[in-house]
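Q: First, the structure itself, so that you have it in front of you.
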2 protein chains.
Amino acid sequence: MYIGVDLGGTNIVVGLVNDAGTLLQTVSSPTGRERGFYAVVGDIVSLTQKLLKTDHVTSDPVKGIGIGIPGVADPETGVVISCVNLFWENVPLREALESALSLPVFIDNDATLAGLAEYEVGVMKEAKSGVFLTLGTGVGGGIIMDHQVISGKHGIGSEVGHMVVGESDTQCNCGRKGCLETFASSTAIIAYTKKHLPDYPESILHERIQGDLSKIDGRLIFDAAKGGDAFALKSVHRFAHYLAIGIMNIVAVIDPEMFVLGGGIAGAGDFLLDIVREELEKEKYFKAVPVGKLCLATLKNDAGVLGGAFLAKSKTEKH
Amino acid sequence: MYIGVDLGGTNIVVGLVNDAGTLLQTVSSPTGRERGFYAVVGDIVSLTQKLLKTDHVTSDPVKGIGIGIPGVADPETGVVISCVNLFWENVPLREALESALSLPVFIDNDATLAGLAEYEVGVMKEAKSGVFLTLGTGVGGGIIMDHQVISGKHGIGSEVGHMVVGESDTQCNCGRKGCLETFASSTAIIAYTKKHLPDYPESILHERIQGDLSKIDGRLIFDAAKGGDAFALKSVHRFAHYLAIGIMNIVAVIDPEMFVLGGGIAGAGDFLLDIVREELEKEKYFKAVPVGKLCLATLKNDAGVLGGAFLAKSKTEKH
């Protein structure tokens, strides 16, 4: 049995997952991030203790806890280096949880763990290697090879949103320019669409927003594109073009068996997939060689908790 | 005992390597690529047979053959998909060699295998994960994690020269624009320097080439930069800037423990390393987190043969 923790900016969800990968029970509470690190840790501990007292655990003890954070942790020390959403910087998360719970604790990025869940029980179940991309406010990533998440020597692998894929004037949160997430996030497509909409007076988007640019969101853009609006389509193709470059950059490193798209923008479904596949075809560096299969994510809200449990499983089985 | 084969455009070198990784003996002959696939295969077979008859082998039989090619092979079929230098396309290299030699044959890209040699017995010996970059006419790569080369599902991983790192008008051999090798190869720095030299009449390079632009090569540019020539330094910094982006793109995928520079341009030594490190510092997406150590390659001509033998070792030990 394993415990998975999905630590978000809004809620903490803790779940109990058996060795077969079935989520048996979850408990949750609001994160209350304004209360600071130790209060949040206290809640993770009490939620976990609640699960540890259930009947499931008496027959099959918990072997480890895996926790997904919206940030980056040092894989060696278990210190959370940066978690902007929670206002955390250099906090000893693993140490705090291990001393309170007397169980091995493993920490990784939430997108990476959602990818691990897709790999173990989702759409990548049959693949040996796969890459999960969350297309939301930013671009997150989860790379899994042979059942292990690839987070790297310093914990900053699978951060595919920070691959440089082109040149533009838009500054990334990281301080650089040209990062994938400045082209292929919802933030990026919304900003691009807002900026250029005035140049396309014939776009249906004008009618939809009635002069209020703040109404533009990902869904509106994709809906207009599906309806054949030329400007919205241009916006979506630009998004897909840079996403395809990002995918091919990953191919040029590890050439995985599968790519899986998740996050808000992936809600555009097959329409998005078809356009990304079209752009991918143009970006191949060996035209005759296939690249990994491109799919949509299948797991929904449970991916984070499941991913945490699978992380604990992969790490405790390995050692 | 293992056999390593370094198949180049000019020479075929075949070597016998013991289990400890020591190269015991090599034999070689000119490639004579104009004779076509089967003639070249015939020579690889007869060179290998020569080594199989030596005393070394009678006491310790050969378990497999690893061969490095200047191109890409399908890891499942062992078919060489493309090997521009040798005029090969879709040739059954593994099948031909296995049927002639009755030993398991493994094929990979030559830069990838040179990286594997650096990992096993060179500068990456103590690392768990490392990336080798050859900076020559093009940019080749070799990624090794846990003693396995990362060549991917379709054989086109570790092709880091085809990561897009920026935008420019220079077309890559692959048909795209923006690939790392259009910025950070000797070809690229020479082309850039030739193009912009007329704008820098004060550059020492004018004196060195006496009006003959064809005299410009990597060594001349780096020597002028070392001497403090402002234009040559600009050229070298541009090269290093894009190389640093390429390195950080690899970090954003696998965040390895080490990066190793090889190939002609790496001859510029510590001077190059210092400038790349300086550019890397600017390209970090988490300023507080260290990135993999950057070093120069240490193995010379034997890296290809050794890498072939280590490939055979890693594959036969695994199965």
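Chain lettering (A, B, ...) mirrors the order of the structure tokens, residue numbering begins at 1 for each chain separately, and ligand numbering begins at 1 in order of display.
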Give the residues of chain A that lie within 8 Å of chain B; count only C-alpha atoms, and format the answer as an NGL selection string.
A: :A and (143 or 150-167 or 174-176 or 178 or 245 or 248-257 or 283 or 285-286 or 289-292)
Q: Stretch 34-43 of chain A: which residues within 12 Å, counting only C-alpha atoms, same-chain residues fewer than 3 positions away excluded, as a VMD selection string?
A: chain A and resid 5 7 to 14 27 to 31 46 to 50 67 80 83 85 to 101
Q: Could you go through stretch 27-98 of chain A and tell me which residues DSSP, when run on the backbone, assigns to alpha helix (DSSP H), listing them as a PyMOL selection string?
A: chain A and resi 37-52+55-59+93-98
Q: For A:Thr22, work out the shell of residues within 10 Å, counting only C-alpha atoms and skipping chain neighbours fewer than 6 positions away, then give it as a short mmCIF file (atom, residue, chain, number, x, y, z; two decimals) with N, CA, C and O atoms, in the first residue's frame.
A:
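Output below, filename result_21.cif:
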data_model
loop_
_atom_site.label_atom_id
_atom_site.label_comp_id
_atom_site.auth_asym_id
_atom_site.auth_seq_id
_atom_site.Cartn_x
_atom_site.Cartn_y
_atom_site.Cartn_z
N MET A 1 0.84 -1.20 0.00
CA MET A 1 0.00 0.00 0.00
C MET A 1 0.88 1.25 0.00
O MET A 1 1.97 1.26 0.58
N LEU A 16 -5.00 6.77 -0.64
CA LEU A 16 -4.41 5.47 -0.34
C LEU A 16 -4.53 4.62 -1.60
O LEU A 16 -5.63 4.47 -2.15
N VAL A 121 -1.17 3.64 -15.23
CA VAL A 121 -2.55 3.15 -15.36
C VAL A 121 -3.38 3.92 -16.38
O VAL A 121 -4.57 3.66 -16.52
N LEU A 306 -2.55 9.47 -7.57
CA LEU A 306 -2.03 8.21 -8.09
C LEU A 306 -0.54 8.32 -8.40
O LEU A 306 0.25 7.44 -8.05
N ALA A 309 1.56 8.05 -5.35
CA ALA A 309 1.67 6.67 -4.87
C ALA A 309 2.63 5.86 -5.76
O ALA A 309 3.46 5.09 -5.25
#
Q: Set the distance at 7 Å and use only C-alpha atoms: which residues neighbour B:Asn109 once local chain neighbours fewer than 2 positions away are removed? I'd like the list as an mmCIF file with N, CA, C and O atoms, in the first residue's frame.
A:
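Dumped everything to part32.cif:
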data_model
loop_
_atom_site.group_PDB
_atom_site.id
_atom_site.type_symbol
_atom_site.label_atom_id
_atom_site.label_comp_id
_atom_site.auth_asym_id
_atom_site.auth_seq_id
_atom_site.Cartn_x
_atom_site.Cartn_y
_atom_site.Cartn_z
ATOM 1 N N GLY B 68 29.626 1.486 -34.635
ATOM 2 C CA GLY B 68 29.228 2.891 -34.696
ATOM 3 C C GLY B 68 29.198 3.361 -36.137
ATOM 4 O O GLY B 68 30.162 3.167 -36.877
ATOM 5 N N ILE B 69 28.087 3.956 -36.537
ATOM 6 C CA ILE B 69 27.947 4.435 -37.918
ATOM 7 C C ILE B 69 27.704 5.949 -37.932
ATOM 8 O O ILE B 69 27.098 6.489 -37.016
ATOM 9 N N PRO B 70 28.159 6.614 -38.983
ATOM 10 C CA PRO B 70 27.890 8.052 -39.091
ATOM 11 C C PRO B 70 26.481 8.269 -39.644
ATOM 12 O O PRO B 70 26.304 8.832 -40.726
ATOM 13 N N GLY B 71 25.478 7.780 -38.889
ATOM 14 C CA GLY B 71 24.109 7.882 -39.373
ATOM 15 C C GLY B 71 23.154 7.313 -38.354
ATOM 16 O O GLY B 71 23.450 7.273 -37.165
ATOM 17 N N VAL B 72 22.000 6.863 -38.822
ATOM 18 C CA VAL B 72 20.924 6.426 -37.940
ATOM 19 C C VAL B 72 20.457 5.024 -38.322
ATOM 20 O O VAL B 72 20.276 4.718 -39.500
ATOM 21 N N ALA B 111 28.645 9.228 -32.749
ATOM 22 C CA ALA B 111 28.804 10.207 -31.659
ATOM 23 C C ALA B 111 28.242 9.638 -30.358
ATOM 24 O O ALA B 111 28.806 9.844 -29.279
ATOM 25 N N THR B 112 27.141 8.921 -30.470
ATOM 26 C CA THR B 112 26.532 8.311 -29.292
ATOM 27 C C THR B 112 27.502 7.317 -28.655
ATOM 28 O O THR B 112 27.669 7.280 -27.435
ATOM 29 N N LEU B 113 28.182 6.531 -29.492
ATOM 30 C CA LEU B 113 29.113 5.534 -28.961
ATOM 31 C C LEU B 113 30.394 6.173 -28.411
ATOM 32 O O LEU B 113 30.950 5.694 -27.418
#
Q: Using only C-alpha atoms, find each residue in stretch 8-123 of chain B having at least one atom no more than 9 Å away from stretch 259-265 of chain B; report its shortest atom-to-atom pair and that distance in Å (one decimal), rows by chain then rising number, as a tab-separated table.
A:
residue	atom	partner	partner_atom	distance
B:Gly115	CA	B:Val260	CA	8.2
B:Glu118	CA	B:Val260	CA	8.4
B:Val123	CA	B:Val260	CA	7.8
Q: Can you list, as a list of chain:residue names, every residue of stretch 27-127 of chain B that DSSP puts in strand (DSSP E)?
A: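 Secondary structure check on stretch 27-127 of chain B, strand (DSSP E): B:Val27, B:Ser28, B:Ser29, B:Pro30, B:Gly64, B:Ile65, B:Gly66, B:Ile67, B:Gly68, B:Ile69, B:Val72, B:Ala73, B:Val80, B:Ile81, B:Ser82, B:Cys83, B:Trp88, B:Glu89, B:Asn90, B:Val91, B:Val105, B:Phe106, B:Ile107, B:Asp108, B:Asn109.
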Q: Would you put the residues from that selection into a file with N, CA, C and O atoms, as an mmCIF file, in the first residue's frame?
A:
data_model
loop_
_atom_site.group_PDB
_atom_site.id
_atom_site.type_symbol
_atom_site.label_atom_id
_atom_site.label_comp_id
_atom_site.auth_asym_id
_atom_site.auth_seq_id
_atom_site.Cartn_x
_atom_site.Cartn_y
_atom_site.Cartn_z
ATOM 1 N N VAL B 27 42.543 -3.597 -35.898
ATOM 2 C CA VAL B 27 42.917 -3.770 -37.313
ATOM 3 C C VAL B 27 42.055 -2.789 -38.105
ATOM 4 O O VAL B 27 40.966 -2.422 -37.668
ATOM 5 N N SER B 28 42.555 -2.354 -39.245
ATOM 6 C CA SER B 28 41.771 -1.382 -40.010
ATOM 7 C C SER B 28 42.039 -1.470 -41.504
ATOM 8 O O SER B 28 43.028 -2.072 -41.937
ATOM 9 N N SER B 29 41.154 -0.890 -42.259
ATOM 10 C CA SER B 29 41.361 -0.768 -43.709
ATOM 11 C C SER B 29 40.557 0.428 -44.212
ATOM 12 O O SER B 29 39.650 0.882 -43.536
ATOM 13 N N PRO B 30 40.900 0.954 -45.386
ATOM 14 C CA PRO B 30 40.130 2.092 -45.907
ATOM 15 C C PRO B 30 38.683 1.659 -46.178
ATOM 16 O O PRO B 30 38.446 0.507 -46.548
ATOM 17 N N GLY B 64 29.799 -10.313 -28.353
ATOM 18 C CA GLY B 64 28.984 -9.483 -29.233
ATOM 19 C C GLY B 64 29.816 -8.429 -29.934
ATOM 20 O O GLY B 64 30.967 -8.171 -29.569
ATOM 21 N N ILE B 65 29.205 -7.846 -30.953
ATOM 22 C CA ILE B 65 29.866 -6.827 -31.767
ATOM 23 C C ILE B 65 29.025 -5.557 -31.724
ATOM 24 O O ILE B 65 27.814 -5.591 -31.933
ATOM 25 N N GLY B 66 29.687 -4.438 -31.465
ATOM 26 C CA GLY B 66 28.992 -3.152 -31.488
ATOM 27 C C GLY B 66 29.597 -2.275 -32.563
ATOM 28 O O GLY B 66 30.816 -2.204 -32.689
ATOM 29 N N ILE B 67 28.753 -1.648 -33.346
ATOM 30 C CA ILE B 67 29.277 -0.882 -34.463
ATOM 31 C C ILE B 67 28.712 0.538 -34.502
ATOM 32 O O ILE B 67 27.507 0.735 -34.353
ATOM 33 N N GLY B 68 29.626 1.486 -34.635
ATOM 34 C CA GLY B 68 29.228 2.891 -34.696
ATOM 35 C C GLY B 68 29.198 3.361 -36.137
ATOM 36 O O GLY B 68 30.162 3.167 -36.877
ATOM 37 N N ILE B 69 28.087 3.956 -36.537
ATOM 38 C CA ILE B 69 27.947 4.435 -37.918
ATOM 39 C C ILE B 69 27.704 5.949 -37.932
ATOM 40 O O ILE B 69 27.098 6.489 -37.016
ATOM 41 N N VAL B 72 22.000 6.863 -38.822
ATOM 42 C CA VAL B 72 20.924 6.426 -37.940
ATOM 43 C C VAL B 72 20.457 5.024 -38.322
ATOM 44 O O VAL B 72 20.276 4.718 -39.500
ATOM 45 N N ALA B 73 20.277 4.169 -37.307
ATOM 46 C CA ALA B 73 19.785 2.817 -37.553
ATOM 47 C C ALA B 73 18.499 2.582 -36.768
ATOM 48 O O ALA B 73 18.304 3.152 -35.696
ATOM 49 N N VAL B 80 20.114 0.157 -41.308
ATOM 50 C CA VAL B 80 20.619 1.528 -41.331
ATOM 51 C C VAL B 80 19.681 2.351 -42.208
ATOM 52 O O VAL B 80 19.550 2.106 -43.409
ATOM 53 N N ILE B 81 19.016 3.306 -41.573
ATOM 54 C CA ILE B 81 18.004 4.097 -42.272
ATOM 55 C C ILE B 81 18.664 5.125 -43.180
ATOM 56 O O ILE B 81 18.277 5.326 -44.314
ATOM 57 N N SER B 82 19.707 5.740 -42.654
ATOM 58 C CA SER B 82 20.367 6.785 -43.424
ATOM 59 C C SER B 82 21.789 6.965 -42.935
ATOM 60 O O SER B 82 22.059 7.031 -41.740
ATOM 61 N N CYS B 83 22.693 7.015 -43.886
ATOM 62 C CA CYS B 83 24.106 7.184 -43.581
ATOM 63 C C CYS B 83 24.665 7.943 -44.783
ATOM 64 O O CYS B 83 25.244 7.353 -45.704
ATOM 65 N N TRP B 88 24.487 5.291 -47.915
ATOM 66 C CA TRP B 88 23.613 4.174 -47.536
ATOM 67 C C TRP B 88 22.212 4.653 -47.180
ATOM 68 O O TRP B 88 22.042 5.646 -46.484
ATOM 69 N N GLU B 89 21.232 3.918 -47.599
ATOM 70 C CA GLU B 89 19.860 4.192 -47.204
ATOM 71 C C GLU B 89 19.130 2.856 -47.111
ATOM 72 O O GLU B 89 19.114 2.085 -48.079
ATOM 73 N N ASN B 90 18.550 2.585 -45.944
ATOM 74 C CA ASN B 90 17.805 1.340 -45.735
ATOM 75 C C ASN B 90 18.586 0.088 -46.128
ATOM 76 O O ASN B 90 18.149 -0.705 -46.951
ATOM 77 N N VAL B 91 19.739 -0.085 -45.498
ATOM 78 C CA VAL B 91 20.537 -1.287 -45.757
ATOM 79 C C VAL B 91 20.550 -2.177 -44.510
ATOM 80 O O VAL B 91 20.651 -1.692 -43.388
ATOM 81 N N VAL B 105 24.927 -8.568 -33.125
ATOM 82 C CA VAL B 105 25.458 -7.285 -33.598
ATOM 83 C C VAL B 105 24.531 -6.152 -33.144
ATOM 84 O O VAL B 105 23.310 -6.269 -33.240
ATOM 85 N N PHE B 106 25.122 -5.066 -32.638
ATOM 86 C CA PHE B 106 24.360 -3.903 -32.189
ATOM 87 C C PHE B 106 24.904 -2.668 -32.892
ATOM 88 O O PHE B 106 26.118 -2.528 -33.054
ATOM 89 N N ILE B 107 23.994 -1.816 -33.325
ATOM 90 C CA ILE B 107 24.400 -0.657 -34.128
ATOM 91 C C ILE B 107 23.924 0.611 -33.449
ATOM 92 O O ILE B 107 22.809 0.663 -32.943
ATOM 93 N N ASP B 108 24.757 1.626 -33.452
ATOM 94 C CA ASP B 108 24.297 2.939 -32.988
ATOM 95 C C ASP B 108 25.108 4.020 -33.685
ATOM 96 O O ASP B 108 26.065 3.741 -34.403
ATOM 97 N N ASN B 109 24.706 5.237 -33.432
ATOM 98 C CA ASN B 109 25.372 6.382 -34.022
ATOM 99 C C ASN B 109 26.787 6.555 -33.446
ATOM 100 O O ASN B 109 27.012 6.321 -32.262
#
Q: For atom CA of A:His196 and atom CA of A:Leu294, quote the distance in Å rounded to one decimal.
A: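 According to the coordinates, atom CA of A:His196 and atom CA of A:Leu294 are separated by 29.5 Å.
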Q: Write out as JSON, numbers by chain the residues lying within 10 Å of B:Tyr200, counting only C-alpha atoms and excluding same-chain residues fewer than 3 positions away.
A: {"B": [196, 197, 203, 204, 205, 206, 230, 231, 232]}
Q: With all heavy atoms kept, could you save the residues just selected as a compact mmCIF listing (two decimals), in the first residue's frame?
A:
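Okay, this is what ended up in again_1.txt:
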# COMPACT_ATOMS: atom_id res chain seq x y z
N HIS B 196 30.12 38.14 -41.74
CA HIS B 196 30.15 39.43 -41.04
C HIS B 196 31.53 40.08 -40.99
O HIS B 196 31.64 41.23 -40.57
CB HIS B 196 29.58 39.26 -39.63
CG HIS B 196 28.11 38.91 -39.65
ND1 HIS B 196 27.13 39.85 -39.84
CD2 HIS B 196 27.47 37.71 -39.57
CE1 HIS B 196 25.95 39.25 -39.85
NE2 HIS B 196 26.13 37.95 -39.69
N LEU B 197 32.56 39.36 -41.43
CA LEU B 197 33.91 39.92 -41.36
C LEU B 197 34.02 41.28 -42.07
O LEU B 197 34.65 42.21 -41.52
CB LEU B 197 34.93 38.91 -41.91
CG LEU B 197 36.40 39.33 -41.84
CD1 LEU B 197 36.82 39.64 -40.41
CD2 LEU B 197 37.30 38.26 -42.43
N SER B 203 39.28 43.94 -37.55
CA SER B 203 39.57 42.59 -37.06
C SER B 203 40.92 42.08 -37.58
O SER B 203 41.28 42.27 -38.74
CB SER B 203 38.46 41.62 -37.50
OG SER B 203 38.86 40.30 -37.20
N ILE B 204 41.63 41.41 -36.69
CA ILE B 204 42.93 40.82 -37.03
C ILE B 204 42.79 39.75 -38.10
O ILE B 204 43.74 39.42 -38.82
CB ILE B 204 43.58 40.23 -35.75
CG1 ILE B 204 45.02 39.72 -35.97
CG2 ILE B 204 42.75 39.05 -35.22
CD1 ILE B 204 46.01 40.81 -35.77
N LEU B 205 41.55 39.22 -38.22
CA LEU B 205 41.33 38.14 -39.19
C LEU B 205 41.66 38.60 -40.63
O LEU B 205 42.13 37.80 -41.44
CB LEU B 205 39.88 37.64 -39.12
CG LEU B 205 39.54 36.80 -37.88
CD1 LEU B 205 38.04 36.55 -37.79
CD2 LEU B 205 40.29 35.47 -37.91
N HIS B 206 41.45 39.88 -40.94
CA HIS B 206 41.77 40.38 -42.29
C HIS B 206 43.24 40.14 -42.60
O HIS B 206 43.60 39.72 -43.69
CB HIS B 206 41.44 41.88 -42.39
CG HIS B 206 39.97 42.16 -42.40
ND1 HIS B 206 39.17 41.90 -43.49
CD2 HIS B 206 39.15 42.67 -41.45
CE1 HIS B 206 37.92 42.25 -43.21
NE2 HIS B 206 37.87 42.71 -41.97
N ALA B 230 38.00 41.60 -31.09
CA ALA B 230 36.61 41.83 -30.68
C ALA B 230 35.61 41.09 -31.57
O ALA B 230 34.63 40.50 -31.08
CB ALA B 230 36.30 43.32 -30.66
N PHE B 231 35.84 41.10 -32.88
CA PHE B 231 34.89 40.43 -33.77
C PHE B 231 34.94 38.91 -33.60
O PHE B 231 33.90 38.25 -33.53
CB PHE B 231 35.16 40.82 -35.23
CG PHE B 231 34.39 39.99 -36.21
CD1 PHE B 231 33.00 39.96 -36.17
CD2 PHE B 231 35.06 39.20 -37.15
CE1 PHE B 231 32.27 39.17 -37.06
CE2 PHE B 231 34.34 38.41 -38.04
CZ PHE B 231 32.94 38.39 -37.99
N ALA B 232 36.14 38.37 -33.50
CA ALA B 232 36.26 36.92 -33.30
C ALA B 232 35.60 36.52 -31.98
O ALA B 232 34.91 35.49 -31.90
CB ALA B 232 37.73 36.50 -33.33
Q: Rounded to one decimal place, report the atom CA of B:Ile144-atom CA of B:Leu243 distance in Å.
A: 19.2 Å
Q: From the set B:Leu233, B:Lys194, B:Thr26, B:Ala268, which residue has the shortest atom-to-atom contact distance to B:Ile209, counting only C-alpha atoms?
A: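 That would be B:Lys194, the residue with the smallest distance to B:Ile209.
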